[in-house]
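Printed here is protein14.txt (compact mmCIF, C-alpha atoms):
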```txt
# COMPACT_ATOMS: atom_id res chain seq x y z
CA MET V 1 82.52 83.99 110.62
CA LYS V 2 82.35 80.92 112.81
CA LYS V 3 81.75 77.61 111.10
CA HIS V 4 80.13 74.60 112.73
CA LEU V 5 80.68 71.69 110.36
CA LEU V 6 80.21 68.43 112.20
CA THR V 7 81.60 65.40 110.42
CA ILE V 8 80.24 61.91 110.73
CA SER V 9 82.83 59.21 111.34
CA CYS V 10 82.96 56.11 109.18
CA MET V 11 82.04 53.94 112.17
CA ALA V 12 79.02 56.09 113.00
CA ALA V 13 77.93 55.95 109.38
CA ILE V 14 78.14 52.15 109.42
CA VAL V 15 76.10 51.93 112.62
CA GLY V 16 73.53 54.32 111.17
CA CYS V 17 73.12 52.14 108.10
CA ALA V 18 72.55 49.09 110.28
CA THR V 19 69.85 50.83 112.32
CA LYS V 20 66.45 51.33 110.77
CA GLN V 21 65.88 55.05 110.34
CA PRO V 22 62.77 57.04 109.43
CA PRO V 23 62.10 57.13 105.67
CA LEU V 24 63.62 59.89 103.56
CA VAL V 25 60.34 60.64 101.77
CA TYR V 26 56.79 59.34 101.32
CA THR V 27 54.59 58.51 98.36
CA SER V 28 51.51 60.24 99.85
CA GLU V 29 50.77 63.95 100.07
CA ASN V 30 49.78 63.49 103.71
CA THR V 31 50.26 60.13 105.40
CA GLY V 32 48.04 61.20 108.27
CA ALA V 33 45.11 62.43 106.20
CA GLY V 34 42.68 60.06 107.91
CA LEU V 35 43.55 61.00 111.48
CA PRO V 36 40.89 62.65 113.67
CA LYS V 37 40.80 66.44 113.64
CA ILE V 38 41.78 68.33 116.78
CA GLN V 39 39.39 70.53 118.74
CA TYR V 40 40.04 74.21 118.09
CA THR V 41 39.98 76.85 120.81
CA ASN V 42 38.83 80.44 120.64
CA PRO V 43 42.00 82.56 120.56
CA ASP V 44 40.87 84.46 123.65
CA SER V 45 40.81 81.16 125.55
CA LEU V 46 44.20 79.91 124.39
CA PRO V 47 46.80 79.71 127.18
CA GLN V 48 49.67 82.18 127.13
CA CYS V 49 52.98 80.57 126.20
CA THR V 50 55.97 82.89 126.22
CA HIS V 51 58.38 80.10 125.29
CA LEU V 52 58.37 78.29 121.98
CA PRO V 53 55.65 75.60 122.10
CA ASP V 54 56.89 72.05 122.65
CA PRO V 55 56.69 70.29 119.25
CA PHE V 56 56.29 66.92 120.95
CA ALA V 57 53.34 67.90 123.17
CA TRP V 58 49.84 66.77 122.21
CA SER V 59 47.44 69.60 121.42
CA ASP V 60 44.90 68.40 124.00
CA GLY V 61 47.42 68.72 126.84
CA SER V 62 47.46 64.98 127.54
CA GLY V 63 51.24 64.70 127.47
CA ARG V 64 53.97 64.37 124.90
CA SER V 65 55.77 61.75 122.83
CA THR V 66 59.21 61.71 121.25
CA ASN V 67 58.54 58.34 119.64
CA PHE V 68 58.78 58.65 115.86
CA ALA V 69 55.82 56.26 115.54
CA ASP V 70 53.67 59.05 117.03
CA TRP V 71 55.04 61.81 114.79
CA GLU V 72 52.46 61.31 112.05
CA ARG V 73 49.71 62.17 114.54
CA ARG V 74 51.61 65.09 116.09
CA ARG V 75 52.57 66.46 112.68
CA ASN V 76 48.92 66.54 111.67
CA GLU V 77 47.98 68.35 114.87
CA ILE V 78 50.47 71.08 113.97
CA LYS V 79 49.14 71.12 110.41
CA SER V 80 45.57 71.59 111.66
CA GLU V 81 46.57 74.49 113.91
CA ILE V 82 48.53 76.26 111.18
CA GLU V 83 45.63 75.96 108.78
CA PHE V 84 43.01 77.04 111.32
CA TYR V 85 44.84 80.01 112.85
CA GLU V 86 47.27 81.20 110.16
CA ILE V 87 46.95 80.29 106.46
CA GLY V 88 43.59 78.58 105.99
CA TYR V 89 42.70 75.05 104.94
CA LYS V 90 44.68 73.42 102.14
CA PRO V 91 42.13 71.32 100.18
CA ASP V 92 42.75 67.69 99.35
CA LYS V 93 43.54 66.54 95.84
CA PRO V 94 40.56 67.22 93.54
CA GLU V 95 38.57 64.29 92.23
CA ASP V 96 39.84 64.89 88.69
CA VAL V 97 43.48 65.70 87.94
CA SER V 98 45.03 64.98 84.54
CA ALA V 99 48.27 65.94 82.82
CA ILE V 100 49.49 66.48 79.27
CA LEU V 101 53.08 66.59 78.11
CA ASN V 102 53.76 68.82 75.09
CA ASP V 103 57.47 68.48 74.38
CA SER V 104 58.99 70.05 77.54
CA ILE V 105 55.78 71.77 78.63
CA LEU V 106 53.79 70.15 81.43
CA ILE V 107 50.09 71.00 81.51
CA VAL V 108 48.16 69.96 84.62
CA ILE V 109 44.37 70.19 84.60
CA ALA V 110 42.44 70.04 87.89
CA LYS V 111 38.65 69.91 88.01
CA HIS V 112 36.50 70.44 91.08
CA ASN V 113 33.12 71.89 91.91
CA GLY V 114 32.33 72.47 88.23
CA LYS V 115 35.48 74.55 87.78
CA THR V 116 38.69 73.87 85.88
CA LEU V 117 42.15 75.12 86.83
CA THR V 118 45.09 74.74 84.44
CA LEU V 119 48.76 74.90 85.36
CA THR V 120 51.41 75.22 82.66
CA CYS V 121 55.11 74.67 83.35
CA LYS V 122 57.89 74.97 80.79
CA MET V 123 60.37 72.45 82.17
CA HIS V 124 64.11 72.27 81.65
CA LEU V 125 64.84 68.61 80.86
CA PRO V 126 68.35 67.15 81.25
CA LYS V 127 70.28 66.39 78.09
CA ASN V 128 72.94 64.24 79.76
CA GLY V 129 72.99 61.32 82.15
CA VAL V 130 70.87 58.20 82.10
CA GLY V 131 68.18 59.00 84.69
CA PRO V 132 65.83 58.62 86.31
CA TYR V 133 66.25 62.32 87.01
CA PRO V 134 65.49 64.08 90.31
CA ILE V 135 63.07 67.01 90.17
CA THR V 136 63.49 70.59 91.36
CA ILE V 137 60.47 72.88 91.67
CA GLY V 138 61.32 76.57 91.83
CA MET V 139 58.88 79.11 93.20
CA GLY V 140 58.59 81.58 90.33
CA ARG V 141 57.51 81.32 86.73
CA PHE V 142 60.92 81.52 85.08
CA SER V 143 63.23 79.11 86.90
CA GLY V 144 62.88 75.60 88.23
CA THR V 145 65.60 76.38 90.77
CA GLY V 146 64.18 79.60 92.20
CA THR V 147 66.97 82.14 92.63
CA LEU V 148 69.63 79.45 93.05
CA LYS V 149 72.21 78.76 90.34
CA ARG V 150 70.88 76.30 87.80
CA GLU V 151 74.30 74.68 87.39
CA LEU V 152 74.00 73.37 90.97
CA PHE V 153 71.20 71.12 89.72
CA THR V 154 72.71 69.52 86.64
CA ASN V 155 70.87 66.36 85.58
CA CYS V 156 67.71 67.43 87.41
CA ILE V 157 64.33 68.07 85.80
CA GLN V 158 63.77 71.74 86.60
CA VAL V 159 60.13 72.78 86.96
CA PRO V 160 59.13 76.43 87.46
CA PHE V 161 55.95 77.00 89.49
CA ASP V 162 54.02 80.06 88.30
CA HIS V 163 52.07 80.79 91.48
CA GLU V 164 49.96 83.46 89.79
CA GLN V 165 48.21 80.68 87.89
CA ILE V 166 46.76 79.84 91.32
CA ALA V 167 46.44 83.11 93.25
CA LYS V 168 47.73 86.61 92.60
CA TYR V 169 50.82 87.90 94.36
CA SER V 170 49.86 91.27 95.80
CA MET V 171 50.94 93.67 98.51
CA ASN V 172 47.39 94.98 98.84
CA GLU V 173 44.05 93.16 98.85
CA ARG V 174 43.59 89.48 98.02
CA ASP V 175 42.16 89.04 94.53
CA THR V 176 39.53 86.30 94.81
CA SER V 177 38.90 86.35 91.05
CA TYR V 178 41.94 84.08 90.60
CA PRO V 179 41.42 80.36 89.81
CA PHE V 180 41.96 78.84 93.26
CA TYR V 181 39.34 81.04 94.90
CA GLN V 182 36.91 80.44 92.07
CA MET V 183 37.32 76.69 92.47
CA TYR V 184 37.00 76.95 96.27
CA PRO V 185 34.75 79.96 96.95
CA GLU V 186 34.25 78.81 100.54
CA LEU V 187 37.97 79.47 101.13
CA GLN V 188 38.06 83.13 100.10
CA GLY V 189 39.15 83.99 103.64
CA ASN V 190 42.29 81.87 103.22
CA GLY V 191 45.80 83.16 102.95
CA ASN V 192 47.58 82.65 99.65
CA TYR V 193 50.16 80.31 101.15
CA SER V 194 47.60 77.53 101.52
CA ALA V 195 46.51 78.13 97.91
CA TRP V 196 50.08 78.17 96.58
CA ALA V 197 51.02 75.03 98.52
CA TRP V 198 47.94 73.36 97.02
CA GLY V 199 49.20 74.35 93.56
CA VAL V 200 52.64 72.83 94.16
CA SER V 201 50.94 69.57 95.15
CA ARG V 202 48.96 69.57 91.92
CA ILE V 203 52.20 70.03 89.96
CA ILE V 204 53.52 66.93 91.72
CA ASP V 205 50.31 65.09 90.80
CA GLY V 206 50.92 65.99 87.17
CA LEU V 207 54.55 64.91 87.32
CA GLU V 208 53.45 61.54 88.68
CA ILE V 209 51.22 61.07 85.64
CA VAL V 210 53.96 61.85 83.07
CA ALA V 211 56.92 60.49 85.07
CA ASP V 212 57.67 57.62 82.69
CA LYS V 213 57.70 59.92 79.67
CA ILE V 214 60.33 62.25 81.16
CA ASN V 215 62.23 59.58 83.13
CA ALA V 216 61.47 61.37 86.40
CA ASP V 217 62.58 60.14 89.82
CA MET V 218 59.50 60.84 91.96
CA LYS V 219 61.32 59.84 95.16
CA HIS V 220 63.69 62.77 94.84
CA ILE V 221 61.75 66.03 94.59
CA MET V 222 63.09 69.35 95.85
CA VAL V 223 61.37 72.72 96.31
CA THR V 224 63.10 76.06 96.72
CA GLY V 225 62.36 79.77 96.80
CA CYS V 226 63.61 83.03 98.28
CA SER V 227 61.98 85.74 100.41
CA TYR V 228 58.17 85.47 100.09
CA ALA V 229 58.83 82.51 97.78
CA GLY V 230 61.04 81.02 100.51
CA LYS V 231 57.94 80.96 102.71
CA MET V 232 56.13 79.30 99.81
CA ALA V 233 58.76 76.58 99.58
CA LEU V 234 58.59 75.95 103.33
CA TYR V 235 54.80 75.64 103.40
CA SER V 236 54.83 73.45 100.30
CA SER V 237 57.26 71.00 101.87
CA ALA V 238 55.59 71.03 105.27
CA LEU V 239 52.23 70.20 103.67
CA ASP V 240 53.32 67.61 101.09
CA GLU V 241 55.32 64.60 102.21
CA ARG V 242 56.28 63.65 98.66
CA ILE V 243 58.88 66.44 98.76
CA ALA V 244 62.25 65.00 99.80
CA LEU V 245 64.18 68.26 100.19
CA ALA V 246 63.33 71.91 100.82
CA ILE V 247 65.91 74.66 100.40
CA VAL V 248 64.40 77.68 102.14
CA GLN V 249 66.23 80.88 101.28
CA GLU V 250 65.89 84.13 103.27
CA SER V 251 62.24 83.53 104.15
CA GLY V 252 62.06 85.95 107.11
CA GLY V 253 58.88 86.51 109.13
CA GLY V 254 56.12 84.07 108.32
CA GLY V 255 58.76 81.65 107.03
CA ILE V 256 61.36 80.04 109.26
CA ASN V 257 61.17 82.86 111.83
CA SER V 258 59.32 82.50 115.10
CA TRP V 259 56.54 85.05 115.55
CA ARG V 260 57.29 85.08 119.29
CA VAL V 261 61.01 85.70 118.93
CA SER V 262 60.49 88.40 116.30
CA GLU V 263 58.02 90.18 118.57
CA ASP V 264 60.41 89.94 121.52
CA TYR V 265 63.34 91.12 119.41
CA THR V 266 61.38 94.15 118.22
CA ALA V 267 60.36 95.06 121.77
CA ARG V 268 63.97 94.89 122.99
CA THR V 269 65.74 96.54 120.06
CA ASP V 270 63.07 98.79 118.54
CA THR V 271 64.07 97.21 115.23
CA ASN V 272 61.64 96.98 112.34
CA VAL V 273 61.35 93.30 111.46
CA GLU V 274 58.54 91.30 109.86
CA ARG V 275 56.05 90.14 112.48
CA ILE V 276 52.32 89.45 112.77
CA GLY V 277 51.35 93.11 112.87
CA ASN V 278 53.17 94.19 109.72
CA THR V 279 53.39 91.18 107.43
CA ASN V 280 51.44 90.91 104.19
CA PHE V 281 47.85 89.82 104.79
CA THR V 282 47.16 88.65 101.31
CA TRP V 283 49.57 85.85 102.25
CA PHE V 284 47.97 84.93 105.58
CA MET V 285 44.41 84.84 106.87
CA PRO V 286 43.29 88.31 108.02
CA THR V 287 42.25 86.74 111.32
CA LEU V 288 45.90 86.07 112.14
CA LYS V 289 46.32 89.83 112.52
CA THR V 290 43.02 90.58 114.26
CA GLN V 291 43.40 87.72 116.73
CA PHE V 292 47.16 87.59 117.40
CA GLU V 293 48.76 90.97 116.66
CA GLY V 294 50.78 91.91 119.72
CA ARG V 295 50.09 88.58 121.38
CA ALA V 296 52.00 85.95 119.45
CA ASP V 297 52.34 84.10 122.75
CA ARG V 298 48.70 83.00 122.35
CA LEU V 299 49.42 81.01 119.19
CA PRO V 300 49.30 77.27 119.95
CA PHE V 301 52.23 76.75 117.56
CA ASP V 302 55.17 78.67 116.11
CA HIS V 303 57.29 78.38 113.03
CA HIS V 304 59.95 76.06 114.40
CA GLU V 305 57.12 73.54 114.20
CA ILE V 306 56.48 74.30 110.53
CA ILE V 307 60.14 73.47 109.85
CA ALA V 308 59.75 70.36 112.01
CA MET V 309 56.72 69.26 109.98
CA CYS V 310 59.15 68.51 107.16
CA ALA V 311 60.85 65.84 109.31
CA PRO V 312 61.97 63.19 108.61
CA ARG V 313 62.54 64.75 105.19
CA ALA V 314 65.47 67.08 104.55
CA VAL V 315 65.60 70.87 104.98
CA LEU V 316 68.38 73.37 104.33
CA VAL V 317 67.85 76.95 105.57
CA LEU V 318 69.76 79.91 104.13
CA GLY V 319 69.86 83.25 105.97
CA ASN V 320 71.24 86.71 105.28
CA GLY V 321 72.34 88.99 108.08
CA GLU V 322 72.64 92.00 105.80
CA TYR V 323 68.89 92.65 105.87
CA GLU V 324 67.39 93.76 109.18
CA TRP V 325 63.85 93.00 108.00
CA LEU V 326 64.66 89.29 107.68
CA CYS V 327 65.67 89.10 111.37
CA ASP V 328 68.13 86.22 111.28
CA HIS V 329 68.10 86.39 115.09
CA SER V 330 64.56 84.98 115.06
CA GLY V 331 65.25 82.53 112.25
CA TYR V 332 68.29 81.15 114.05
CA VAL V 333 66.39 80.52 117.30
CA SER V 334 63.60 78.84 115.35
CA CYS V 335 66.08 76.63 113.49
CA ARG V 336 67.74 75.55 116.72
CA ALA V 337 64.35 74.58 118.14
CA ALA V 338 63.44 72.64 114.98
CA GLU V 339 66.84 70.97 115.10
CA ALA V 340 65.80 69.30 118.37
CA VAL V 341 63.17 67.32 116.46
CA TYR V 342 65.70 66.06 113.92
CA ASN V 343 68.17 65.22 116.69
CA THR V 344 65.53 63.36 118.69
CA PHE V 345 64.66 61.17 115.72
CA GLY V 346 68.34 60.42 115.06
CA ILE V 347 68.40 62.22 111.69
CA SER V 348 70.38 65.35 112.50
CA ASP V 349 72.16 65.11 109.14
CA ARG V 350 68.87 65.82 107.34
CA PHE V 351 68.70 69.39 108.67
CA GLY V 352 71.14 72.21 108.08
CA PHE V 353 71.44 75.97 108.07
CA VAL V 354 73.85 78.60 106.79
CA PHE V 355 73.35 82.08 108.25
CA ASP V 356 75.77 84.17 106.22
CA ASN V 357 76.09 87.87 105.44
CA LYS V 358 77.79 90.25 103.01
CA HIS V 359 75.84 89.09 99.99
CA PRO V 360 72.83 90.54 98.16
CA HIS V 361 69.27 89.47 98.90
CA CYS V 362 68.33 86.19 97.18
CA ARG V 363 71.85 85.61 95.92
CA ALA V 364 73.49 82.74 97.76
CA SER V 365 77.05 83.19 98.97
CA ASP V 366 79.85 80.79 98.11
CA ILE V 367 79.62 79.02 101.45
CA GLN V 368 75.87 78.64 100.99
CA ASN V 369 76.38 77.21 97.51
CA ASP V 370 78.72 74.62 99.03
CA ALA V 371 75.95 73.59 101.45
CA ILE V 372 73.39 73.48 98.64
CA LYS V 373 75.63 71.18 96.63
CA ALA V 374 76.05 68.87 99.63
CA PHE V 375 72.30 68.63 100.24
CA VAL V 376 71.58 68.09 96.55
CA ASP V 377 74.21 65.34 96.31
CA ARG V 378 72.90 63.63 99.44
CA PHE V 379 69.14 63.97 99.12
CA LEU V 380 68.57 64.10 95.38
CA PHE V 381 71.39 61.82 94.19
CA ASP V 382 71.82 59.53 97.23
CA ASN V 383 75.50 60.24 97.76
CA GLN V 384 75.91 58.72 101.23
CA LYS V 385 79.48 59.97 101.67
CA VAL V 386 78.77 63.70 101.67
CA ASN V 387 78.48 65.54 105.01
CA THR V 388 75.16 67.36 105.47
CA LYS V 389 75.30 68.00 109.21
CA ILE V 390 75.92 71.66 108.48
CA ARG V 391 75.51 74.39 111.11
CA ILE V 392 77.09 77.68 110.00
CA THR V 393 76.44 80.98 111.73
CA THR V 394 77.82 84.49 112.05
CA PRO V 395 79.49 85.66 115.31
CA THR V 396 76.43 87.76 116.15
CA LEU V 397 74.19 84.70 116.18
CA ASP V 398 76.71 82.63 118.16
CA ASN V 399 76.03 84.84 121.19
CA ILE V 400 72.27 84.20 121.24
CA ASP V 401 70.93 82.22 124.19
CA TYR V 402 68.53 80.18 122.10
CA LYS V 403 68.07 77.51 124.78
CA LYS V 404 66.05 79.86 126.96
CA TRP V 405 63.25 79.61 124.42
CA ILE V 406 62.83 75.85 124.98
CA ASP V 407 63.88 75.39 128.61
CA ASN V 408 60.26 74.70 129.58
CA TRP V 409 60.02 71.61 127.38
CA GLU V 410 59.58 68.53 129.54
CA GLY V 411 62.17 66.47 127.69
CA LYS V 412 65.92 66.75 127.47
CA GLU V 413 66.25 67.27 123.73
CA GLU V 414 69.78 68.17 122.77
CA ILE V 415 70.44 71.16 120.54
```
Please go through the file and, once you have read it, give me the structure as C-alpha cells.
Amino acid sequence: MKKHLLTISCMAAIVGCATKQPPLVYTSENTGAGLPKIQYTNPDSLPQCTHLPDPFAWSDGSGRSTNFADWERRRNEIKSEIEFYEIGYKPDKPEDVSAILNDSILIVIAKHNGKTLTLTCKMHLPKNGVGPYPITIGMGRFSGTGTLKRELFTNCIQVPFDHEQIAKYSMNERDTSYPFYQMYPELQGNGNYSAWAWGVSRIIDGLEIVADKINADMKHIMVTGCSYAGKMALYSSALDERIALAIVQESGGGGINSWRVSEDYTARTDTNVERIGNTNFTWFMPTLKTQFEGRADRLPFDHHEIIAMCAPRAVLVLGNGEYEWLCDHSGYVSCRAAEAVYNTFGISDRFGFVFDNKHPHCRASDIQNDAIKAFVDRFLFDNQKVNTKIRITTPTLDNIDYKKWIDNWEGKEEI
C-alpha cells in the first residue's frame, strides 16, 4: 500500500493562521437560502459532458469563478440541480419545531401542514471532561457513531439518527405512508435521501434548543454512516452547513462515486458496480433512472460536486477495495476532483481520503482509524497541531489517470 501523508511545516502553519481563511462551519442550515433559483433544462436538451462538470462554472454558462466569495452562489446552484434531477427538494425548516429532553432522550417535534412528526434519539452523554461537548450523529438507530468505534469519540455527545422515523428503508417500492411523505404529500416523488437529510437537520434544530442543558458544542457537529448510510451522511452534510465534519464510509454509487466514471468503468471492464441503472430507486427520484440511465453524461452535475458542497467544512472519505460493487476506482476519481475545490480555497487540510482494502465492509481498518482520530481531534476538538492532509490509496488506484476527467476545466486547479 502506498501512503501519501503530506505534512504541514511549522512556518506554513504560522502563515496560514495569519491569513484569513474560510470559516470552519456556519450557524445556518443554508447560508444561500435566499439566492435566486436557477433555470432548469429538460434532460433531453442538456448538453453532453463526458468529463466531470467544472464545479466552478456557473449553471447558466456565463463563465466561472474560483473566488470563495462566489462559492455560496455556486454551491446553491449545485444544490438546486441535485434536488431537481436526483433526490428531490429538501424542504426548509418547518414553522414549528420544538424539543424535549427526557434524561438522555432527545425528542424533537416538527409540525407542518397540519401534521406532526416526532423524532426520538437515545443519546450517549459524556461522563468525563468539562465540555462543551462536540456532537456526533450516526446514521442508524443504535449508534451515534454509525459503524465507527465509539471509543474514537470519547467526550462527544453521540446521537443516533433513526431514519425510519422519517422514511422507510426499502429495497423495493417507496412507502409514502411514512411521516415525511405524510407531512409533505407534494413530495411523494422524492428520493429518500432528501427526506433523510431533512430529518438530520431537524435533529440539529432540536439539539440547538436543548444545547445548554446537555452542554453541547453546536459549532462542532459530525455526521457519519457506512454504505447506504454513508450516502446519507454525505447528503446530510452537503445540505446542512451547520455540520462541521462528515466521515463518509464506503458509500459507493450515489455517494462519493461519480455516475460518469462508474458508467465508463463498467463499459470498459464489464464489472458490476452501482450506477444509475441499477441503484436503489427508493433512495433517488425515479426520474433519475428514466431520464439518465445510460447517459450520465447528460447530468449537469456529478458527485464530486456533492463532496465539494461540504467545503469549506471538513470531509474524510473511507473506501474499501475488497468490494467490487463499491467501485473505489470511481470514488477515487471523484475525490481527486473534489480535492481541487479544497485546494483552490487554500483549505486542503480539511479534506482527506483513505482507500484501503483487506478489511470487512463497514469495519474501518487500523490506518483508517488513525485518520478518523486525526480528523476528530482537528475538527471536533480544535487540535491545530494534528496533520489532516491525508491522501492514502492502494497501488491499484495510484495508476489511475484521474486528471483526464478534469482536463477540460478552464482553470489550472492543482490536484
Surrounding residues of Gly346 (chain V) excluding itself and chain neighbours under 4 positions, 10 Å, only C-alpha atoms, as an MDAnalysis selection string: chainID V and resid 16 21:22 68 312 340:342 350
File dump, residues just selected, C-alpha atoms, as a PDB file, in the coordinates of the input:
```pdb
ATOM      1  CA  GLY V  16      73.530  54.320 111.170  1.00  0.00           C
ATOM      2  CA  GLN V  21      65.880  55.050 110.340  1.00  0.00           C
ATOM      3  CA  PRO V  22      62.770  57.040 109.430  1.00  0.00           C
ATOM      4  CA  PHE V  68      58.780  58.650 115.860  1.00  0.00           C
ATOM      5  CA  PRO V 312      61.970  63.190 108.610  1.00  0.00           C
ATOM      6  CA  ALA V 340      65.800  69.300 118.370  1.00  0.00           C
ATOM      7  CA  VAL V 341      63.170  67.320 116.460  1.00  0.00           C
ATOM      8  CA  TYR V 342      65.700  66.060 113.920  1.00  0.00           C
ATOM      9  CA  ARG V 350      68.870  65.820 107.340  1.00  0.00           C
TER      10      ARG V 350
END
```
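Compared by their closest atoms to Pro126 (chain V), and using all atoms listed in the file, the residues V:Tyr85, V:Phe153, V:Tyr169, V:Tyr228 rank with V:Phe153 nearest.
Take the candidates V:Met222, V:Ala338, V:Ile78, V:Ile203 and check each one against Ser237 (chain V) using all atoms listed in the file; the shortest distance goes to V:Met222.
For the pair CA of Gln158 (chain V) and CA of Leu125 (chain V), the interatomic distance is 6.6 Å.
CA of Ala246 (chain V) lies 8.3 Å from CA of Val317 (chain V).
One distance worth recording is that between CA of Gly144 (chain V) and CA of Ile372 (chain V), which is 14.9 Å.
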All residues 9 Å or closer to Glu250 (chain V), only C-alpha atoms, same chain fewer than 4 positions away omitted, as a ChimeraX atom specification: /V:225-228,230-231,255-256,317-320,326,328,361-362
Output for the residues just chosen: C-alpha atoms as a PDB file, keeping the file's coordinate frame:
```pdb
ATOM      1  CA  GLY V 225      62.360  79.770  96.800  1.00  0.00           C
ATOM      2  CA  CYS V 226      63.610  83.030  98.280  1.00  0.00           C
ATOM      3  CA  SER V 227      61.980  85.740 100.410  1.00  0.00           C
ATOM      4  CA  TYR V 228      58.170  85.470 100.090  1.00  0.00           C
ATOM      5  CA  GLY V 230      61.040  81.020 100.510  1.00  0.00           C
ATOM      6  CA  LYS V 231      57.940  80.960 102.710  1.00  0.00           C
ATOM      7  CA  GLY V 255      58.760  81.650 107.030  1.00  0.00           C
ATOM      8  CA  ILE V 256      61.360  80.040 109.260  1.00  0.00           C
ATOM      9  CA  VAL V 317      67.850  76.950 105.570  1.00  0.00           C
ATOM     10  CA  LEU V 318      69.760  79.910 104.130  1.00  0.00           C
ATOM     11  CA  GLY V 319      69.860  83.250 105.970  1.00  0.00           C
ATOM     12  CA  ASN V 320      71.240  86.710 105.280  1.00  0.00           C
ATOM     13  CA  LEU V 326      64.660  89.290 107.680  1.00  0.00           C
ATOM     14  CA  ASP V 328      68.130  86.220 111.280  1.00  0.00           C
ATOM     15  CA  HIS V 361      69.270  89.470  98.900  1.00  0.00           C
ATOM     16  CA  CYS V 362      68.330  86.190  97.180  1.00  0.00           C
TER      17      CYS V 362
END
```
Selected residue of minimal separation from Arg202 (chain V) among V:His220, V:Arg75, V:Arg141, V:Lys90, counting only C-alpha atoms: V:Lys90
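With distances restricted to only C-alpha atoms, V:Leu152 is the closest residue to Asp377 (chain V) from V:Ile400, V:Leu152, V:Leu187, V:Ala337.
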Name the residues in contact with Asn280 (chain V) at a cut-off of 9 Å, using all atoms listed in the file, excluding same-chain residues fewer than 6 positions from it; report them as a compact mmCIF listing (two decimals) with C-alpha atoms, in the coordinates of the input.
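File written: out29.txt
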```txt
# COMPACT_ATOMS: atom_id res chain seq x y z
CA SER V 170 49.86 91.27 95.80
CA MET V 171 50.94 93.67 98.51
CA ASN V 172 47.39 94.98 98.84
```
Residue neighbourhood Asp349 (chain V), 9 Å, only C-alpha atoms, exclusion window fewer than 4 positions, as a VMD selection string: chain V and resid 8 314 342 to 343 387 to 390
Could the residues in this selection be saved with C-alpha atoms as a PDB file, keeping the file's coordinate frame?
```pdb
ATOM      1  CA  ILE V   8      80.240  61.910 110.730  1.00  0.00           C
ATOM      2  CA  ALA V 314      65.470  67.080 104.550  1.00  0.00           C
ATOM      3  CA  TYR V 342      65.700  66.060 113.920  1.00  0.00           C
ATOM      4  CA  ASN V 343      68.170  65.220 116.690  1.00  0.00           C
ATOM      5  CA  ASN V 387      78.480  65.540 105.010  1.00  0.00           C
ATOM      6  CA  THR V 388      75.160  67.360 105.470  1.00  0.00           C
ATOM      7  CA  LYS V 389      75.300  68.000 109.210  1.00  0.00           C
ATOM      8  CA  ILE V 390      75.920  71.660 108.480  1.00  0.00           C
TER       9      ILE V 390
END
```
